[in-house]
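Have a look at coords_13.csv; it's CSV, C-alpha atoms:
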```csv
chain,number,residue,atom,x,y,z
J,15,MET,CA,105.1,93.4,84.3
J,16,ILE,CA,103.4,92.9,87.7
J,17,ASP,CA,104.0,89.5,89.3
J,18,SER,CA,101.1,89.0,91.7
J,19,SER,CA,102.7,85.8,93.1
J,20,ILE,CA,105.5,87.8,94.7
J,21,VAL,CA,105.0,90.4,97.5
J,22,ALA,CA,107.9,92.7,97.2
J,23,LEU,CA,107.0,95.1,100.0
J,24,SER,CA,104.7,94.6,102.9
J,25,LEU,CA,103.6,96.9,105.7
J,26,SER,CA,101.6,95.4,108.5
J,27,GLY,CA,100.0,97.5,111.3
J,28,ILE,CA,102.4,100.4,111.0
J,29,SER,CA,101.7,103.2,113.5
J,30,LYS,CA,103.7,106.3,114.4
J,31,GLY,CA,103.2,109.2,116.7
J,32,TYR,CA,105.1,112.1,118.1
J,33,GLY,CA,104.1,112.8,121.7
J,34,ASN,CA,100.3,112.8,121.9
J,35,ILE,CA,99.9,113.3,118.2
J,36,GLY,CA,99.2,110.2,116.1
J,37,VAL,CA,100.6,110.4,112.6
J,38,LEU,CA,100.0,106.8,111.3
J,39,HIS,CA,97.3,104.5,112.5
J,40,GLY,CA,97.7,100.9,111.6
J,41,ILE,CA,98.9,101.1,108.0
J,42,ASP,CA,98.5,97.8,106.1
J,43,MET,CA,99.7,97.6,102.5
J,44,ASP,CA,101.2,95.0,100.2
J,45,LEU,CA,103.0,95.7,96.9
J,46,HIS,CA,103.5,93.0,94.3
J,47,GLN,CA,106.7,92.6,92.3
J,48,GLY,CA,106.8,95.3,89.6
J,49,GLU,CA,103.8,97.3,90.9
J,50,ILE,CA,103.8,101.1,91.0
J,51,VAL,CA,101.8,102.4,93.9
J,52,ALA,CA,101.1,106.1,94.7
J,53,LEU,CA,100.6,107.3,98.2
J,54,LEU,CA,98.2,110.1,97.7
J,55,GLY,CA,96.6,112.6,100.0
J,56,PRO,CA,96.7,116.2,101.4
J,57,SER,CA,99.5,117.6,103.5
J,58,GLY,CA,99.8,116.0,106.9
J,59,CYS,CA,98.0,112.8,105.9
J,60,GLY,CA,101.0,110.6,106.7
J,61,LYS,CA,102.1,109.6,103.2
J,62,THR,CA,105.7,111.0,103.6
J,63,THR,CA,106.0,109.4,107.1
J,64,THR,CA,105.0,106.1,105.5
J,65,LEU,CA,107.7,106.4,102.8
J,66,ARG,CA,110.3,107.4,105.4
J,67,ALA,CA,109.3,104.4,107.6
J,68,ILE,CA,109.9,102.1,104.6
J,69,GLY,CA,113.3,103.6,104.0
J,70,GLY,CA,114.3,103.5,107.7
J,71,PHE,CA,114.5,107.2,108.2
J,72,VAL,CA,111.6,107.0,110.7
J,73,ALA,CA,111.2,104.2,113.2
J,74,PRO,CA,107.5,103.0,113.6
J,75,ASP,CA,106.1,102.6,117.1
J,76,SER,CA,104.5,99.4,116.1
J,77,GLY,CA,104.0,97.1,113.1
J,78,ARG,CA,106.3,95.3,110.6
J,79,ILE,CA,107.9,96.2,107.3
J,80,ARG,CA,109.2,93.5,105.0
J,81,ILE,CA,111.1,93.8,101.8
J,82,LYS,CA,111.2,90.6,99.7
J,83,GLY,CA,110.1,88.7,102.8
J,84,GLN,CA,112.9,90.1,105.0
J,85,ASP,CA,111.8,91.9,108.2
J,86,VAL,CA,113.6,95.3,107.9
J,87,THR,CA,111.6,97.1,110.6
J,88,ARG,CA,114.6,97.6,112.8
J,89,LEU,CA,117.4,97.6,110.2
J,90,ALA,CA,119.5,100.7,109.6
J,91,VAL,CA,119.0,102.6,106.3
J,92,PRO,CA,122.1,101.2,104.6
J,93,GLU,CA,121.0,97.6,105.3
J,94,ARG,CA,117.7,98.0,103.4
J,95,ASP,CA,117.5,97.1,99.7
J,96,PHE,CA,115.9,100.3,98.3
J,97,GLY,CA,116.7,103.3,96.1
J,98,ILE,CA,115.3,106.7,96.7
J,99,VAL,CA,114.7,110.0,94.8
J,100,PHE,CA,114.2,113.0,97.0
J,101,GLN,CA,112.1,116.0,96.2
J,102,ASP,CA,115.2,118.2,95.7
J,103,TYR,CA,117.1,115.4,93.9
J,104,ALA,CA,120.1,115.6,96.2
J,105,LEU,CA,122.7,115.6,93.4
J,106,PHE,CA,126.3,116.3,94.3
J,107,PRO,CA,127.1,119.7,92.7
J,108,HIS,CA,130.8,118.9,92.4
J,109,LEU,CA,130.3,115.7,90.5
J,110,THR,CA,129.3,115.3,86.8
J,111,VAL,CA,126.2,113.5,85.7
J,112,ALA,CA,128.1,110.3,85.2
J,113,GLU,CA,129.9,110.6,88.5
J,114,ASN,CA,126.7,111.2,90.4
J,115,ILE,CA,125.3,107.9,88.9
J,116,ARG,CA,128.5,106.1,89.6
J,117,TYR,CA,128.4,107.3,93.2
J,118,GLY,CA,125.2,105.3,93.8
J,119,LEU,CA,126.9,102.2,92.5
J,120,LYS,CA,129.9,102.6,94.9
J,121,HIS,CA,127.7,103.5,97.8
J,122,ARG,CA,125.7,100.3,97.5
J,123,ARG,CA,128.8,98.2,96.6
J,124,TYR,CA,127.3,97.2,93.3
J,125,ARG,CA,129.4,94.4,91.7
J,126,ALA,CA,127.1,92.7,89.2
J,127,ARG,CA,128.7,94.5,86.2
J,128,PRO,CA,131.6,96.9,85.6
J,129,HIS,CA,130.5,100.4,86.8
J,130,ALA,CA,131.4,102.2,83.6
J,131,GLU,CA,129.2,99.8,81.6
J,132,ARG,CA,126.3,100.1,84.1
J,133,VAL,CA,126.6,104.0,84.0
J,134,ASP,CA,126.3,104.0,80.2
J,135,GLU,CA,123.3,101.7,80.4
J,136,LEU,CA,121.6,104.0,82.9
J,137,LEU,CA,122.4,107.1,80.9
J,138,ARG,CA,120.7,105.5,77.9
J,139,LEU,CA,117.7,104.5,80.0
J,140,VAL,CA,117.0,108.1,81.0
J,141,ARG,CA,118.2,109.6,77.7
J,142,MET,CA,121.0,111.6,79.2
J,143,GLU,CA,124.0,110.2,77.2
J,144,ALA,CA,124.8,113.6,75.8
J,145,PHE,CA,125.0,115.2,79.3
J,146,ALA,CA,127.3,112.7,81.0
J,147,ASP,CA,130.1,115.3,81.6
J,148,ARG,CA,127.9,118.2,82.7
J,149,TYR,CA,127.4,119.3,86.3
J,150,PRO,CA,124.0,119.6,88.0
J,151,ALA,CA,124.1,123.5,87.8
J,152,GLN,CA,124.2,123.1,84.0
J,153,LEU,CA,121.0,121.0,83.9
J,154,SER,CA,117.3,121.8,83.8
J,155,GLY,CA,115.0,120.6,86.5
J,156,GLY,CA,113.7,117.8,84.4
J,157,GLN,CA,117.3,116.7,83.5
J,158,LYS,CA,118.2,116.6,87.2
J,159,GLN,CA,115.2,114.4,87.9
J,160,ARG,CA,116.4,111.9,85.3
J,161,VAL,CA,119.9,111.8,86.8
J,162,ALA,CA,118.5,111.3,90.3
J,163,LEU,CA,116.3,108.5,89.0
J,164,ALA,CA,119.2,106.8,87.2
J,165,ARG,CA,121.3,107.0,90.4
J,166,ALA,CA,118.6,105.4,92.5
J,167,LEU,CA,118.0,102.6,89.9
J,168,GLY,CA,121.7,101.9,89.5
J,169,PRO,CA,122.3,99.1,92.1
J,170,ASN,CA,119.1,97.3,91.0
J,171,PRO,CA,117.3,97.8,94.4
J,172,ALA,CA,114.3,95.6,95.4
J,173,VAL,CA,112.1,98.7,96.0
J,174,LEU,CA,112.3,102.3,94.6
J,175,LEU,CA,111.0,105.2,96.8
J,176,LEU,CA,110.0,108.5,95.1
J,177,ASP,CA,109.3,111.5,97.4
J,178,GLU,CA,107.3,113.9,95.2
J,179,PRO,CA,110.0,113.7,92.5
J,180,LEU,CA,108.2,116.1,90.1
J,181,SER,CA,106.7,118.7,92.4
J,182,ALA,CA,109.5,121.2,91.8
J,183,LEU,CA,109.0,121.2,88.1
J,184,ASP,CA,106.9,123.6,86.0
J,185,ALA,CA,103.5,122.3,85.0
J,186,SER,CA,104.5,122.4,81.3
J,187,VAL,CA,107.4,120.0,82.0
J,188,ARG,CA,105.7,117.9,84.7
J,189,GLY,CA,103.1,116.3,82.4
J,190,LYS,CA,105.7,115.1,80.0
J,191,LEU,CA,107.9,113.7,82.7
J,192,GLN,CA,105.0,111.8,84.3
J,193,VAL,CA,104.7,109.8,81.2
J,194,GLU,CA,108.4,109.3,80.9
J,195,LEU,CA,108.7,108.2,84.5
J,196,ARG,CA,106.1,105.5,84.1
J,197,GLN,CA,107.8,104.3,80.9
J,198,VAL,CA,111.1,103.9,82.7
J,199,LEU,CA,109.7,102.2,85.7
J,200,ARG,CA,107.8,99.8,83.5
J,201,GLU,CA,110.9,99.1,81.4
J,202,VAL,CA,112.9,98.3,84.5
J,203,GLY,CA,110.1,96.4,86.2
J,204,ILE,CA,110.9,97.8,89.7
J,205,THR,CA,108.5,97.8,92.6
J,206,THR,CA,107.9,101.5,93.3
J,207,VAL,CA,106.2,103.7,95.9
J,208,ILE,CA,105.7,107.3,94.9
J,209,VAL,CA,104.4,110.0,97.2
J,210,THR,CA,102.4,112.8,95.7
J,211,HIS,CA,99.6,115.2,96.5
J,212,ASP,CA,98.6,115.5,92.8
J,213,HIS,CA,95.8,113.1,91.9
J,214,GLU,CA,96.5,113.6,88.1
J,215,GLU,CA,100.1,112.6,88.6
J,216,ALA,CA,99.1,109.6,90.6
J,217,ALA,CA,96.7,108.5,87.9
J,218,VAL,CA,99.3,108.8,85.1
J,219,VAL,CA,102.3,107.1,86.9
J,220,ALA,CA,100.7,104.5,89.2
J,221,ASP,CA,99.1,101.1,88.8
J,222,ARG,CA,97.3,101.6,92.1
J,223,ILE,CA,96.5,104.6,94.3
J,224,VAL,CA,96.5,104.4,98.1
J,225,LEU,CA,94.5,107.4,99.3
J,226,MET,CA,95.4,108.6,102.8
J,227,HIS,CA,93.7,110.9,105.2
J,228,GLU,CA,94.6,111.7,108.9
J,229,GLY,CA,97.1,108.9,109.1
J,230,ARG,CA,94.8,106.2,107.7
J,231,ILE,CA,94.3,104.5,104.3
J,232,ILE,CA,90.7,105.4,103.3
J,233,GLN,CA,90.7,103.9,99.8
J,234,ASP,CA,92.9,101.7,97.7
J,235,GLY,CA,92.5,100.7,94.1
J,236,PRO,CA,93.3,101.3,90.4
J,237,PRO,CA,93.2,105.0,89.5
J,238,LEU,CA,90.0,104.9,87.4
J,239,GLY,CA,88.3,102.7,89.9
J,240,ILE,CA,88.7,105.0,92.9
J,241,TYR,CA,87.9,108.1,90.7
J,242,ASP,CA,84.7,106.6,89.4
J,243,ARG,CA,83.7,104.8,92.6
J,244,PRO,CA,84.9,106.9,95.6
J,245,ARG,CA,83.9,105.5,99.0
J,246,SER,CA,83.3,108.9,100.7
J,247,ARG,CA,82.7,112.6,100.0
J,248,PHE,CA,86.4,113.3,100.9
J,249,CYS,CA,87.6,110.7,98.4
J,250,ALA,CA,85.4,112.0,95.7
J,251,GLU,CA,86.3,115.7,96.2
J,252,PHE,CA,90.1,115.1,96.6
J,253,LEU,CA,90.2,113.2,93.3
J,254,GLY,CA,88.5,115.8,91.2
J,255,GLU,CA,85.5,118.1,90.8
J,256,VAL,CA,82.1,116.8,91.8
J,257,ASN,CA,78.5,118.0,91.4
J,258,TRP,CA,76.3,117.1,94.4
J,259,LEU,CA,72.6,116.5,94.3
J,260,ALA,CA,70.4,115.8,97.3
J,261,GLY,CA,67.8,113.0,96.9
J,262,ARG,CA,65.6,110.6,98.8
J,263,VAL,CA,65.1,106.9,98.0
J,264,VAL,CA,61.6,106.3,96.7
J,265,ALA,CA,61.9,102.8,95.2
J,266,HIS,CA,64.4,99.9,94.8
J,267,ARG,CA,64.6,96.2,94.2
J,268,ASP,CA,67.0,93.9,96.0
J,269,ASP,CA,68.9,93.2,92.8
J,270,GLY,CA,68.1,96.2,90.8
J,271,PRO,CA,68.6,100.0,90.5
J,272,VAL,CA,67.7,102.6,93.1
J,273,GLU,CA,65.1,105.3,92.3
J,274,ALA,CA,65.6,108.6,94.0
J,275,GLU,CA,63.6,111.8,94.1
J,276,LEU,CA,65.5,115.1,93.9
J,277,GLY,CA,64.5,118.3,95.8
J,278,ASN,CA,62.5,119.6,92.8
J,279,GLY,CA,60.4,116.4,92.7
J,280,GLN,CA,62.2,115.0,89.7
J,281,ARG,CA,63.1,111.3,89.8
J,282,ILE,CA,66.3,109.7,88.7
J,283,VAL,CA,67.5,106.0,88.5
J,284,LEU,CA,70.8,105.0,90.0
J,285,ALA,CA,72.8,101.8,89.4
J,286,ALA,CA,72.9,99.4,92.3
J,287,ARG,CA,75.9,99.9,94.6
J,288,GLY,CA,76.5,97.8,97.7
J,289,PRO,CA,73.9,97.5,100.4
J,290,ARG,CA,70.4,98.6,99.6
J,291,PRO,CA,69.6,102.1,101.0
J,292,ALA,CA,66.3,102.1,103.0
J,293,LEU,CA,63.2,103.5,101.5
J,294,GLY,CA,62.8,107.1,102.4
J,295,SER,CA,66.4,107.6,103.4
J,296,ALA,CA,68.3,110.7,102.2
J,297,LEU,CA,71.2,110.3,99.7
J,298,GLU,CA,74.2,112.4,98.7
J,299,ILE,CA,74.5,111.9,94.9
J,300,GLY,CA,77.7,112.8,93.1
J,301,ILE,CA,78.3,113.2,89.4
J,302,ARG,CA,81.6,114.2,87.8
J,303,PRO,CA,81.3,117.2,85.3
J,304,GLU,CA,82.5,115.1,82.4
J,305,ARG,CA,79.7,112.5,83.1
J,306,LEU,CA,77.0,115.1,82.3
J,307,ALA,CA,76.0,115.4,78.6
J,308,LEU,CA,74.2,118.1,76.8
J,309,ALA,CA,71.2,116.4,75.2
J,310,ASP,CA,69.8,117.6,71.9
J,311,ASP,CA,66.2,117.4,70.8
J,312,ALA,CA,66.7,114.1,69.0
J,313,VAL,CA,67.8,112.1,72.1
J,314,ARG,CA,65.9,113.8,74.9
J,315,PRO,CA,63.0,111.4,74.9
J,316,ALA,CA,65.3,108.4,75.4
J,317,ILE,CA,67.1,109.9,78.4
J,318,ARG,CA,65.9,108.5,81.8
J,319,ASN,CA,68.0,110.8,84.0
J,320,ARG,CA,67.7,114.4,82.9
J,321,VAL,CA,67.8,117.8,84.6
J,322,GLU,CA,67.0,121.1,83.0
J,323,GLY,CA,68.4,124.6,83.5
J,324,ARG,CA,69.9,127.7,82.0
J,325,VAL,CA,73.6,128.3,81.0
J,326,ASP,CA,74.9,130.8,83.5
J,327,ARG,CA,78.6,130.8,82.6
J,328,VAL,CA,81.0,129.5,79.9
J,329,GLN,CA,84.7,129.2,80.5
J,330,ALA,CA,87.2,127.6,78.0
J,331,ASN,CA,90.5,126.0,78.5
J,332,ARG,CA,92.9,124.2,76.1
J,333,THR,CA,90.8,121.1,75.5
J,334,ASN,CA,87.4,121.6,77.0
J,335,VAL,CA,84.7,124.1,77.8
J,336,GLU,CA,83.3,124.4,81.3
J,337,LEU,CA,79.7,125.2,81.6
J,338,CYS,CA,77.9,126.3,84.7
J,339,VAL,CA,74.2,125.4,84.4
J,340,ALA,CA,71.7,126.9,86.9
J,341,LEU,CA,69.0,124.3,87.5
J,342,ASP,CA,65.3,125.1,87.8
J,343,GLY,CA,65.4,124.2,91.4
J,344,GLY,CA,68.1,126.8,92.2
J,345,GLN,CA,71.2,124.5,92.3
J,346,SER,CA,74.1,124.9,89.8
J,347,LEU,CA,76.0,122.1,88.1
J,348,MET,CA,79.4,122.2,86.3
J,349,VAL,CA,79.5,120.4,82.9
J,350,THR,CA,82.7,119.6,81.0
J,351,HIS,CA,82.0,120.0,77.3
J,352,ARG,CA,84.3,119.3,74.3
J,353,ARG,CA,85.5,122.4,72.4
J,354,ASP,CA,84.9,120.8,69.0
J,355,GLU,CA,81.2,120.4,69.8
J,356,ARG,CA,78.5,123.2,69.6
J,357,VAL,CA,78.6,125.3,72.8
J,358,PRO,CA,75.3,126.7,74.0
J,359,ALA,CA,75.2,130.5,74.6
J,360,VAL,CA,75.0,132.0,78.0
J,361,GLY,CA,71.3,132.3,78.9
J,362,SER,CA,70.1,129.4,76.7
J,363,ARG,CA,68.0,126.6,78.1
J,364,VAL,CA,69.7,123.1,78.1
J,365,VAL,CA,68.9,119.6,79.2
J,366,LEU,CA,71.6,117.6,80.9
J,367,GLY,CA,71.5,113.8,80.7
J,368,PHE,CA,73.4,111.1,82.6
J,369,GLY,CA,73.2,107.3,83.0
J,370,GLY,CA,72.5,105.5,86.3
J,371,ASP,CA,76.1,104.2,86.3
J,372,ASP,CA,77.5,107.7,85.9
J,373,ALA,CA,76.7,108.7,89.5
J,374,PHE,CA,77.8,107.5,92.9
J,375,TYR,CA,75.9,107.9,96.1
J,376,TRP,CA,75.8,107.1,99.8
J,377,PRO,CA,73.6,108.0,102.8
J,378,ALA,CA,73.5,111.7,103.5
J,379,GLU,CA,75.4,112.8,106.6
J,380,GLY,CA,73.1,113.2,109.6
J,381,ALA,CA,70.3,111.4,107.8
```
Rewrite the structure of this file - the entire thing - as structure tokens.
Amino acid sequence: MIDSSIVALSLSGISKGYGNIGVLHGIDMDLHQGEIVALLGPSGCGKTTTLRAIGGFVAPDSGRIRIKGQDVTRLAVPERDFGIVFQDYALFPHLTVAENIRYGLKHRRYRARPHAERVDELLRLVRMEAFADRYPAQLSGGQKQRVALARALGPNPAVLLLDEPLSALDASVRGKLQVELRQVLREVGITTVIVTHDHEEAAVVADRIVLMHEGRIIQDGPPLGIYDRPRSRFCAEFLGEVNWLAGRVVAHRDDGPVEAELGNGQRIVLAARGPRPALGSALEIGIRPERLALADDAVRPAIRNRVEGRVDRVQANRTNVELCVALDGGQSLMVTHRRDERVPAVGSRVVLGFGGDDAFYWPAEGA
């Protein structure tokens, strides 16, 4: 449960550079008690440096870091109240599962309960009771991740830091553990920062995504919110596949939708978003593949936004069918279609429909 009345972790104006190269530029971020936040972005965006600054492994050049109201900016690593799971788990190979977990309690001088009792509780939490006497070499990657998580949670830290904890696992295992990880974090109620470059992992595990690029936070919000309403082309494309259409504003009302004309002369209606674009201005219009629907003959007359074309390619995966539709104007759109619905044949004519709220847009670059 997130307690919005308590700020568990606060970063204010955090900047960091190495020589003439800036890595972080004024990072501001608050996490409430029990909130799970994913730092998401491409390699080199500053997400790992931000995590390391929170833990004290990197000293920021400027700014303040507070944990539960205490300024920890200049405190040494052992003096900060956090737990951490590294990408390689960092388990001691000569210690058993139970001993690895117990080490975390000793290292942090945990005295709230007997260590044996706390270890048993943590083993149950991560479902590793049957493996207490095994050594890390006898465990799978997923089991090692559970042990590392239990060790980090053991002393009941104020904040948990996760540095790409699932990246070393096979894709078949990773999806299951993403769900399990969120369940454990929710059960414990710990404030968590997870670093990842995988937008799907961030969406499954986190309550909020902080998207970073070139050392700056460029968007911050709930997973579905930033997926459906990205603020820039970079945000849109990093979070998933996008179809782009070029249009020009031909009509709008101050409090109503925007009407745009596409390159082929067709007009579409877009939901109002922020400041009104000027009449005649060029727009970049983005539509996710799953937001485009194949329209059958019965519903075509009722569709306001529709584009027509020919199916150029069909590709199936486990759950969906991806269609590439070549529009009459020469552009191609990708469409995500359910496998249990009728799939049009390659070469057939189709009509694609979408609502005004299904698209996002902003002024075209250089317009």
(message) Restricting the calculation to all atoms listed in the file: of J:Asp75, J:Asp95, J:Asp184, J:Glu214, which residue gets closest to Gly40 of chain J?
(response)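 Among the listed residues, J:Asp75 lies closest to Gly40 of chain J.
Rounded to one decimal, atom CA of Arg196 of chain J and atom CA of Pro303 of chain J lie 27.4 Å from each other.
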(request) Please provide the set of residues having any atom within 9 Å of segment 115-123 of chain J, restricted to only C-alpha atoms, with same-chain residues fewer than 2 positions apart removed, written as a PyMOL selection string. (result) chain J and resi 92+110-113+125+129-130+132-133+136-137+161-162+164-169
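Proximity of J:Arg305, J:Gly156, J:Glu298, J:Ala330 to Ser186 of chain J, computed with only C-alpha atoms, is greatest for J:Gly156.
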Can you tell me which residues surround Pro377 of chain J at a distance of at most 9 Å, considering only C-alpha atoms, apart from same-chain residues fewer than 4 positions away, and format the answer as an mmCIF file with C-alpha atoms, in the frame of the given file?
```cif
data_model
loop_
_atom_site.group_PDB
_atom_site.id
_atom_site.type_symbol
_atom_site.label_atom_id
_atom_site.label_comp_id
_atom_site.auth_asym_id
_atom_site.auth_seq_id
_atom_site.Cartn_x
_atom_site.Cartn_y
_atom_site.Cartn_z
ATOM 1 C CA PRO J 291 69.600 102.100 101.000
ATOM 2 C CA SER J 295 66.400 107.600 103.400
ATOM 3 C CA ALA J 296 68.300 110.700 102.200
ATOM 4 C CA LEU J 297 71.200 110.300 99.700
ATOM 5 C CA GLU J 298 74.200 112.400 98.700
ATOM 6 C CA ILE J 299 74.500 111.900 94.900
ATOM 7 C CA ALA J 381 70.300 111.400 107.800
#
```
(request) Could you please determine the separation between atom CA of Arg222 of chain J and atom CA of Ser29 of chain J in Å, to one decimal place? (result) 21.9 Å
(request) Have a look at atom CA of Phe248 of chain J and atom CA of Arg230 of chain J and let me know their distance in Å, one decimal. (result)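 For atom CA of Phe248 of chain J relative to atom CA of Arg230 of chain J, the distance reads 12.9 Å.
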Could you check which residues have any atom within 6 Å of (112.8, 113.5, 94.1), counting only C-alpha atoms with coordinates taken straight from the file, and then list them as a PDB file with C-alpha atoms, in the coordinates of the input?
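Writing done, so here's result.pdb:
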```
ATOM      1  CA  VAL J  99     114.700 110.000  94.800  1.00  0.00           C
ATOM      2  CA  PHE J 100     114.200 113.000  97.000  1.00  0.00           C
ATOM      3  CA  GLN J 101     112.100 116.000  96.200  1.00  0.00           C
ATOM      4  CA  ASP J 102     115.200 118.200  95.700  1.00  0.00           C
ATOM      5  CA  TYR J 103     117.100 115.400  93.900  1.00  0.00           C
ATOM      6  CA  LEU J 176     110.000 108.500  95.100  1.00  0.00           C
ATOM      7  CA  ASP J 177     109.300 111.500  97.400  1.00  0.00           C
ATOM      8  CA  GLU J 178     107.300 113.900  95.200  1.00  0.00           C
ATOM      9  CA  PRO J 179     110.000 113.700  92.500  1.00  0.00           C
TER      10      PRO J 179
END
```
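Take the candidates J:Gly27, J:Glu355, J:Leu347, J:Gly235 and check each one against Asn334 of chain J using only C-alpha atoms; the shortest distance goes to J:Glu355.
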(message) Would you pick out the contacts of Phe145 of chain J at 12 Å or less, using only C-alpha atoms, so that residues sharing its chain but fewer than 3 positions from it are not included, and give the list as an MDAnalysis selection string?
(response) chainID J and resid 110:114 134 137:138 140:142 148:154 157:158 160:161
(request) Between J:Gly203, J:Gly344, J:Gly155, J:Gly277, single out the one closest to Ile50 of chain J, counting only C-alpha atoms. (result)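 Of J:Gly203, J:Gly344, J:Gly155, J:Gly277, the one nearest Ile50 of chain J is J:Gly203, counting only C-alpha atoms.
The shell of residues at most 8 Å from Val198 of chain J, with all atoms listed in the file counted and near chain neighbours (fewer than 3 positions) removed, consists of Leu139, Val140, Glu194, Leu195, Glu201 and Val202 of chain J.
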Got a sec: who's within 12 Å of segment 31-33 of chain J, counting all atoms listed in the file, leaving out chain neighbours fewer than 6 positions off, as a PDB file with C-alpha atoms, keeping the file's coordinate frame?
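So around27.pdb came out as:
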```
ATOM      1  CA  HIS J  39      97.300 104.500 112.500  1.00  0.00           C
ATOM      2  CA  GLY J  40      97.700 100.900 111.600  1.00  0.00           C
ATOM      3  CA  GLY J  60     101.000 110.600 106.700  1.00  0.00           C
ATOM      4  CA  THR J  63     106.000 109.400 107.100  1.00  0.00           C
ATOM      5  CA  THR J  64     105.000 106.100 105.500  1.00  0.00           C
ATOM      6  CA  ALA J  67     109.300 104.400 107.600  1.00  0.00           C
ATOM      7  CA  VAL J  72     111.600 107.000 110.700  1.00  0.00           C
ATOM      8  CA  ALA J  73     111.200 104.200 113.200  1.00  0.00           C
ATOM      9  CA  PRO J  74     107.500 103.000 113.600  1.00  0.00           C
ATOM     10  CA  ASP J  75     106.100 102.600 117.100  1.00  0.00           C
ATOM     11  CA  SER J  76     104.500  99.400 116.100  1.00  0.00           C
ATOM     12  CA  GLU J 228      94.600 111.700 108.900  1.00  0.00           C
ATOM     13  CA  GLY J 229      97.100 108.900 109.100  1.00  0.00           C
TER      14      GLY J 229
END
```
(message) Let me make sure I understand: among J:Ala216, J:Leu25, J:Ile208, J:Val325, which one has the smallest atom-to-atom distance to Gly97 of chain J if we use only C-alpha atoms?
(response)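 Answer, going by the shortest atom-to-atom distance: J:Ile208.
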(message) Which polymer residues, whether protein, DNA or RNA, lie within 10 Å of the coordinate (78.9, 123.6, 86.8) when you count all atoms listed in the file? List them as JSON, numbers by chain, using the chain letters and numbers from the file.
(response) {"J": [255, 256, 257, 302, 303, 306, 325, 326, 327, 328, 336, 337, 338, 339, 340, 341, 345, 346, 347, 348, 349, 350]}
(message) Calculated over only C-alpha atoms, which of the candidates J:Leu276, J:Ile282, J:Ile204, J:Ile68 has the smallest distance to Ala90 of chain J?
(response)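 Nearest to Ala90 of chain J: J:Ile68.
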